[in-house]
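For reference, the structure discussed in these notes is given below.
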Amino acid sequence: MLQLTEIFYSIQGEGAYTGTPAVFVRLAGCNLACDFCDTDYALAFFAGVDEIVLRVAEIGGDCPMVVLTGGEPLAQAETAALIGALRAAGRRVHVESNGTIAAELPDDVWLCVSPKERVDAAMARRANEVKVIVDGCVPTRWLDLFSDKPTILLQPEGNKPRNVALAVEFAKAHPQHFRLSLQTHKFIGIR
Ligand code: SF4
């Protein structure tokens, strides 16, 4: 059984797939405790892999994209089985991770790593998308680790004006390598 917080159908509001319809499966629990965390990842219910796949179909119909998020979705042992079952059901699986837990992921799984206090080197290499949170400063300590990526997304924490300004200025100063990522779902009042 997996521990979950919620399953809902919405629009991906941030990152490379902004604007794309997706079913979100939020797994409960996280192995970190970031000061700025604004995510409720408390345990709300348990569900088996088959139940989750069914629920995704019930609320998302034939939506191709399913986002496993958290908390930290790779912290649960059965996440690999869930990924396999969703792929077998024809979904394109995206994983949003803090990158601390090494995991083998199929090639067609889109991995978004948002580094916090540490990152596993293999997960840094595997990342398809890197989303760095700007919270009072651009955390440049991550930049070497992700220097092989064509683009790093700078996401202002809480859409706060000061953080937005820092991210915009940094992206403008390094236009080859950085892009602004805003939490657009918060502007329009959706999850
Ligand atoms: S890694 Fe993400 S979900 Fe976990 S505590 Fe930090 S911000 Fe919250």
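Here's how to read the names in the structure tokens: chain A, B, ... by the order shown, residue numbers from 1 in each chain, ligand numbers from 1 in the order shown.
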Next on the checklist: Can you work out which residues are within 6 Å of ligand 1, considering only C-alpha atoms and all ligand atoms, and then hand them over as a list in words?
Outcome noted: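 Checked against 6 Å with only C-alpha atoms and all ligand atoms; the hits are Cys30, Leu32, Ala33, Cys34, Cys37, Thr39, Gly70, Gly71, Glu72 and Asn98 of chain A.
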Next on the checklist: I want to know what sits within 12 Å of Ala47 in chain A, based on only C-alpha atoms, with residues of the same chain fewer than 6 positions away left out; could you give that as a PyMOL selection string?
Outcome noted: chain A and resi 1-7+25-28+53-55+78-79+82
Next on the checklist: Here is a test: counting only C-alpha atoms, which residue of A:Gly189, A:Val138, A:Ala103, A:Thr151 is nearest to Ala167 in chain A?
Outcome noted: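 Residue with the minimum atom-to-atom distance to Ala167 in chain A: A:Val138.
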Checklist entry - Excluding same-chain residues fewer than 3 positions from Tyr17 in chain A, what lies within 12 Å of it counting only C-alpha atoms, as a VMD selection string? => result chain A and resid 11 to 14 20 to 22 65 to 67 94 110 to 112 128 to 129 153 181 to 184
Item to check | Atomic distance CA of Asp38 in chain A - CA of Lys116 in chain A, expressed in Å with one decimal | outcome: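 Going from CA of Asp38 in chain A over to CA of Lys116 in chain A covers 13.7 Å.
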Item to check | Residues within 10 Å of Ser10 in chain A, only C-alpha atoms, excluding chain neighbours under 6 positions, as a PyMOL selection string | outcome: chain A and resi 19-24+59-60+185+190-191
Checklist entry - Do you know which residues are at most 8 Å from Gly99 in chain A counting only C-alpha atoms, after dropping those on the same chain fewer than 3 positions away, and could you put them as an MDAnalysis selection string? => result chainID A and resid 102 113:115 118:120 123:124
How would the residues just chosen look if you wrote them out with C-alpha atoms as a tab-separated table (two decimals), in the first residue's frame?
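Result went into part20.tsv, see below:
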chain	number	residue	atom	x	y	z
A	102	ALA	CA	18.67	7.38	-5.78
A	113	VAL	CA	14.54	17.62	-9.62
A	114	SER	CA	14.17	20.59	-7.33
A	115	PRO	CA	17.31	20.62	-5.20
A	118	ARG	CA	21.50	17.91	-0.94
A	119	VAL	CA	21.22	16.01	-4.22
A	120	ASP	CA	22.25	12.49	-5.18
A	123	MET	CA	19.68	11.79	-9.79
A	124	ALA	CA	21.28	15.05	-10.86
Item to check | Residues flagged helix (DSSP H, G or I) by DSSP in chain A, as a PyMOL selection string | outcome: chain A and resi 49-60+73-75+79-88+121-126+140-142+157-159+161-173+184-187
Checklist entry - Counting only C-alpha atoms, which of A:Thr140, A:Ser147, A:Thr18, A:Gln76 gets nearest to Ile101 in chain A? => result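 Residue with the minimum atom-to-atom distance to Ile101 in chain A: A:Gln76.
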Checklist entry - Can you tell me how far CA of Val56 in chain A sits from CA of Tyr41 in chain A, in Å to one decimal? => result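 Answer for the CA of Val56 in chain A to CA of Tyr41 in chain A separation: 18.6 Å.
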